[in-house]
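Read the structure below first, then the notes.
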Amino acid sequence: MNTWFKALVTACIFLTRLPMPLINSIEPKDEGRSLLCFPLVGLIIGLLLWVLAASLHALFSPLVIAALLTVFWAVVTGGLHLDGLADSADGWLGGLGDVERTLDIMHDPRCGSAALVAVICLLMTKFAALTIIVELQLWPALIIAPIIGRCVGPLLFVPGAFFSTPYIHPKGIAKNFIDHCPAAAHQFAVLAIIGCSVLLGDLSIAVAVIASSALTLYLLRRLMLKRLGGATGDTAGAATEIIEVVVLIVCGALMTSAI
């Protein structure tokens with residue numbers, strides 16, 4: 001199997017529940033290279049969202065389509081990043097500022113009240129934003145949001161990136177991804193963000209989307225460093241979910257006013 005195709009398949013297996021070709025073995029270097037493919041996985045998810053929304057637009061109301069998109073978005077990713085959001089919320093509330101206690105709570109498979117509130121609030125906000133996106137047929141936003149969201153990993157964990165953040169879980173699931181990733185992964189992520197923003201067709205909106213995403217990641221990174229001294233896969237997943245919603249809200253608000 002081609003090296004980079006294998007990396008893309010590995011990224012899809014990790015980030016989605018889409019059917020993929022069988023891989024006999026996945027080496028640590030494959031996982032590392034797959035980090036470079038995360039934005040491409042976002043593109044695949046975005047195209048699926050667009051096809052689903054566009055095909056249903058003549059059949060159902062925007063509210064129904066937005067609800068179906070919200071469900072599909074969670075299902076196609078296996079709730080991976082929602083789980084990270086839930087664990088992060090529980091840890092933040094129950095950790096009481098203690099790093100070890102926070103990490104212990106985040107690793108606990110049980111779900112607390114903070115997790116439920118955080119996930120419900122995020123899904124409600126995403127649903128509301130998607131309703132506007134669908135009603136006005138702002139399809140580029142559906143493609144851009146998952147791409148930018150999946151640039152979080154390369155931007156946070158690749159050494160040398162502007163947002164480079166220590167990975168504080170030495171035995172975490174993301175360790176091989178980080179230890180073996182190409183140095184240019186964060187550069188590709190930046191180019192992916194800039195490139196996909198061109199889809200918006202308006203320079204001011206593109207700048208606003210990039211700026212709001214960068215500011216959100218900067219603020220979330222500061223919280224991670226202040227509370228944990230670094231990032232985990234869970235906090236990166238939480239950041240992905242939050243930034244996706246930020247992109248949808250900004251696109252919906254600015255593209256609506258531009259119409």
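Labels used: A, B, ... for chains in the order of the structure tokens, numbers from 1 for residues in each chain, and numbers from 1 for ligands as shown.
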
For this session: Write out as a ChimeraX atom specification which residues come within 7 Å of stretch 144-154 of chain A when counting only C-alpha atoms, dropping same-chain ones fewer than 6 positions away.
Result: /A:35,38-39,42-43,45-46,185-186,189,193,196-197,236,240-241,243-244,247-248

File of the preceding selection, N, CA and C atoms, as an mmCIF file, in the first residue's frame:
```cif
data_model
loop_
_atom_site.group_PDB
_atom_site.id
_atom_site.type_symbol
_atom_site.label_atom_id
_atom_site.label_comp_id
_atom_site.auth_asym_id
_atom_site.auth_seq_id
_atom_site.Cartn_x
_atom_site.Cartn_y
_atom_site.Cartn_z
ATOM 1 N N LEU A 35 -0.910 12.194 10.974
ATOM 2 C CA LEU A 35 -1.227 13.504 11.541
ATOM 3 C C LEU A 35 -1.256 14.570 10.446
ATOM 4 N N PHE A 38 -4.741 14.734 8.792
ATOM 5 C CA PHE A 38 -5.928 15.110 9.556
ATOM 6 C C PHE A 38 -6.808 16.133 8.815
ATOM 7 N N PRO A 39 -6.229 17.213 8.243
ATOM 8 C CA PRO A 39 -7.085 18.158 7.509
ATOM 9 C C PRO A 39 -7.800 17.502 6.323
ATOM 10 N N GLY A 42 -10.801 15.950 7.571
ATOM 11 C CA GLY A 42 -11.798 17.000 7.748
ATOM 12 C C GLY A 42 -12.495 17.339 6.447
ATOM 13 N N LEU A 43 -11.736 17.348 5.359
ATOM 14 C CA LEU A 43 -12.323 17.607 4.040
ATOM 15 C C LEU A 43 -13.325 16.516 3.667
ATOM 16 N N ILE A 45 -15.054 14.611 5.718
ATOM 17 C CA ILE A 45 -16.246 14.798 6.560
ATOM 18 C C ILE A 45 -17.074 15.966 6.053
ATOM 19 N N GLY A 46 -16.411 17.056 5.699
ATOM 20 C CA GLY A 46 -17.114 18.238 5.202
ATOM 21 C C GLY A 46 -17.871 17.958 3.917
ATOM 22 N N ALA A 185 4.033 19.128 9.394
ATOM 23 C CA ALA A 185 2.595 18.902 9.582
ATOM 24 C C ALA A 185 1.862 20.187 9.936
ATOM 25 N N HIS A 186 2.473 21.006 10.793
ATOM 26 C CA HIS A 186 1.781 22.239 11.188
ATOM 27 C C HIS A 186 1.720 23.222 10.024
ATOM 28 N N ALA A 189 -1.108 22.222 7.923
ATOM 29 C CA ALA A 189 -2.361 22.597 8.585
ATOM 30 C C ALA A 189 -2.686 24.065 8.344
ATOM 31 N N ILE A 193 -5.916 25.578 6.281
ATOM 32 C CA ILE A 193 -6.856 26.573 6.815
ATOM 33 C C ILE A 193 -7.006 27.743 5.857
ATOM 34 N N CYS A 196 -8.746 26.459 2.464
ATOM 35 C CA CYS A 196 -10.179 26.177 2.513
ATOM 36 C C CYS A 196 -10.989 27.442 2.759
ATOM 37 N N SER A 197 -10.381 28.449 3.389
ATOM 38 C CA SER A 197 -11.091 29.706 3.623
ATOM 39 C C SER A 197 -11.402 30.431 2.324
ATOM 40 N N ALA A 236 -7.393 18.333 23.266
ATOM 41 C CA ALA A 236 -7.327 18.616 21.835
ATOM 42 C C ALA A 236 -8.668 18.322 21.172
ATOM 43 N N THR A 240 -11.160 20.907 19.243
ATOM 44 C CA THR A 240 -11.691 20.640 17.898
ATOM 45 C C THR A 240 -13.184 20.922 17.834
ATOM 46 N N GLU A 241 -13.926 20.412 18.796
ATOM 47 C CA GLU A 241 -15.371 20.614 18.816
ATOM 48 C C GLU A 241 -15.727 22.098 18.950
ATOM 49 N N ILE A 243 -13.895 24.765 18.232
ATOM 50 C CA ILE A 243 -13.503 25.562 17.065
ATOM 51 C C ILE A 243 -14.441 25.299 15.892
ATOM 52 N N GLU A 244 -14.899 24.066 15.728
ATOM 53 C CA GLU A 244 -15.886 23.795 14.676
ATOM 54 C C GLU A 244 -17.130 24.659 14.858
ATOM 55 N N VAL A 247 -16.412 28.329 13.985
ATOM 56 C CA VAL A 247 -16.386 28.531 12.530
ATOM 57 C C VAL A 247 -17.808 28.600 11.971
ATOM 58 N N LEU A 248 -18.677 27.705 12.405
ATOM 59 C CA LEU A 248 -20.056 27.714 11.930
ATOM 60 C C LEU A 248 -20.765 29.013 12.305
#
```

Problem set entry | A:Ala53 environment, 12 Å, only C-alpha atoms, sequence neighbours closer than 5 positions dropped, as JSON, numbers by chain | {"A": [46, 47, 48, 58, 59, 60, 61, 62, 63, 64, 65, 66, 67, 68, 69, 70, 72, 73, 130, 131, 133, 134, 135, 136, 137, 138, 139, 140, 141, 142, 143]}

For this session: Could you give me, as a list in words, the residues within 12 Å of A:Ser25, counting only C-alpha atoms and dropping anything in the same chain fewer than 6 positions from it?
Result: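 Final neighbour list, sorted by chain and number: Met1, Lys6, Ala7, Val9, Thr10 and Glu31 of chain A.
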
Atoms to include: N, CA and C atoms. Write the selected residues as a PDB file, in the first residue's frame.
```pdb
ATOM      1  N   MET A   1       0.847  -1.193   0.000  1.00  0.00           N
ATOM      2  CA  MET A   1       0.000   0.000   0.000  1.00  0.00           C
ATOM      3  C   MET A   1       0.882   1.243   0.000  1.00  0.00           C
ATOM      4  N   LYS A   6      -1.679   4.949   2.929  1.00  0.00           N
ATOM      5  CA  LYS A   6      -1.792   4.232   4.189  1.00  0.00           C
ATOM      6  C   LYS A   6      -1.933   5.212   5.356  1.00  0.00           C
ATOM      7  N   ALA A   7      -1.211   6.330   5.272  1.00  0.00           N
ATOM      8  CA  ALA A   7      -1.318   7.351   6.319  1.00  0.00           C
ATOM      9  C   ALA A   7      -2.720   7.944   6.352  1.00  0.00           C
ATOM     10  N   VAL A   9      -5.510   6.485   5.296  1.00  0.00           N
ATOM     11  CA  VAL A   9      -6.415   5.457   5.820  1.00  0.00           C
ATOM     12  C   VAL A   9      -6.286   5.366   7.341  1.00  0.00           C
ATOM     13  N   THR A  10      -5.054   5.442   7.834  1.00  0.00           N
ATOM     14  CA  THR A  10      -4.832   5.409   9.286  1.00  0.00           C
ATOM     15  C   THR A  10      -5.521   6.573   9.970  1.00  0.00           C
ATOM     16  N   GLU A  31       1.283   6.168  11.928  1.00  0.00           N
ATOM     17  CA  GLU A  31       0.478   7.041  12.785  1.00  0.00           C
ATOM     18  C   GLU A  31       1.029   8.466  12.752  1.00  0.00           C
TER      19      GLU A  31
END
```

For this session: Give the alpha helix (DSSP H) residues of stretch 73-244 of chain A, as DSSP finds them on the backbone, and put them as a PyMOL selection string.
Result: chain A and resi 73-76+80-94+99-107+113-135+139-149+152-157+175-179+185-197+203-227+233-244

Problem set entry | Nearby residues (only C-alpha atoms) at most 10 Å from A:Asp202, same-chain spacing under 4 positions excluded, as a list in words | Ser197, Val198, Ala206, Val207, Leu254, Met255 and Ala258 of chain A

Problem set entry | Polymer residues at most 12 Å from A:Val117, only C-alpha atoms, same-chain spacing of 6 or more positions, as a PyMOL selection string | chain A and resi 82+85-90+93+111+123-124

For this session: Determine the nearest neighbour of A:Thr235 from the options A:Gly78, A:Gly91, A:Pro109, A:Gly201, counting only C-alpha atoms.
Result: A:Gly91

For this session: For A:Pro159, please output as a ChimeraX atom specification all residues within 9 Å (counting only C-alpha atoms; exclusion window: fewer than 5 positions along the same chain).
Result: /A:164-166,178,183,186

Serialized selection, N, CA, C and O atoms, as a compact mmCIF listing (two decimals), in the first residue's frame:
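The result, written out as selection_13.txt:
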```txt
# COMPACT_ATOMS: atom_id res chain seq x y z
N SER A 164 2.50 25.14 19.48
CA SER A 164 3.09 23.90 20.00
C SER A 164 2.95 23.82 21.52
O SER A 164 3.32 24.74 22.24
N THR A 165 2.41 22.70 21.97
CA THR A 165 2.07 22.52 23.38
C THR A 165 2.56 21.16 23.86
O THR A 165 2.40 20.16 23.15
N PRO A 166 3.16 21.09 25.04
CA PRO A 166 3.64 19.79 25.55
C PRO A 166 2.50 18.79 25.67
O PRO A 166 1.41 19.12 26.12
N ILE A 178 2.42 11.89 17.68
CA ILE A 178 3.26 13.06 17.95
C ILE A 178 4.74 12.75 17.77
O ILE A 178 5.48 13.52 17.15
N ALA A 183 7.81 17.09 10.48
CA ALA A 183 7.96 18.44 11.02
C ALA A 183 7.09 19.45 10.29
O ALA A 183 6.74 20.50 10.84
N HIS A 186 2.47 21.01 10.79
CA HIS A 186 1.78 22.24 11.19
C HIS A 186 1.72 23.22 10.02
O HIS A 186 0.76 23.97 9.89
```

For this session: Select, from A:Ala11, A:Leu156, A:Leu203, A:Leu96, the residue with the minimum atom-to-atom distance to A:Val190, counting only C-alpha atoms.
Result: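 Answer, going by the shortest atom-to-atom distance: A:Leu156.
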
Exercise. A:Ala174: which residues within 9 Å, counting only C-alpha atoms, same-chain residues fewer than 6 positions away excluded, as a PyMOL selection string?
Worked result: chain A and resi 31+167+232-233
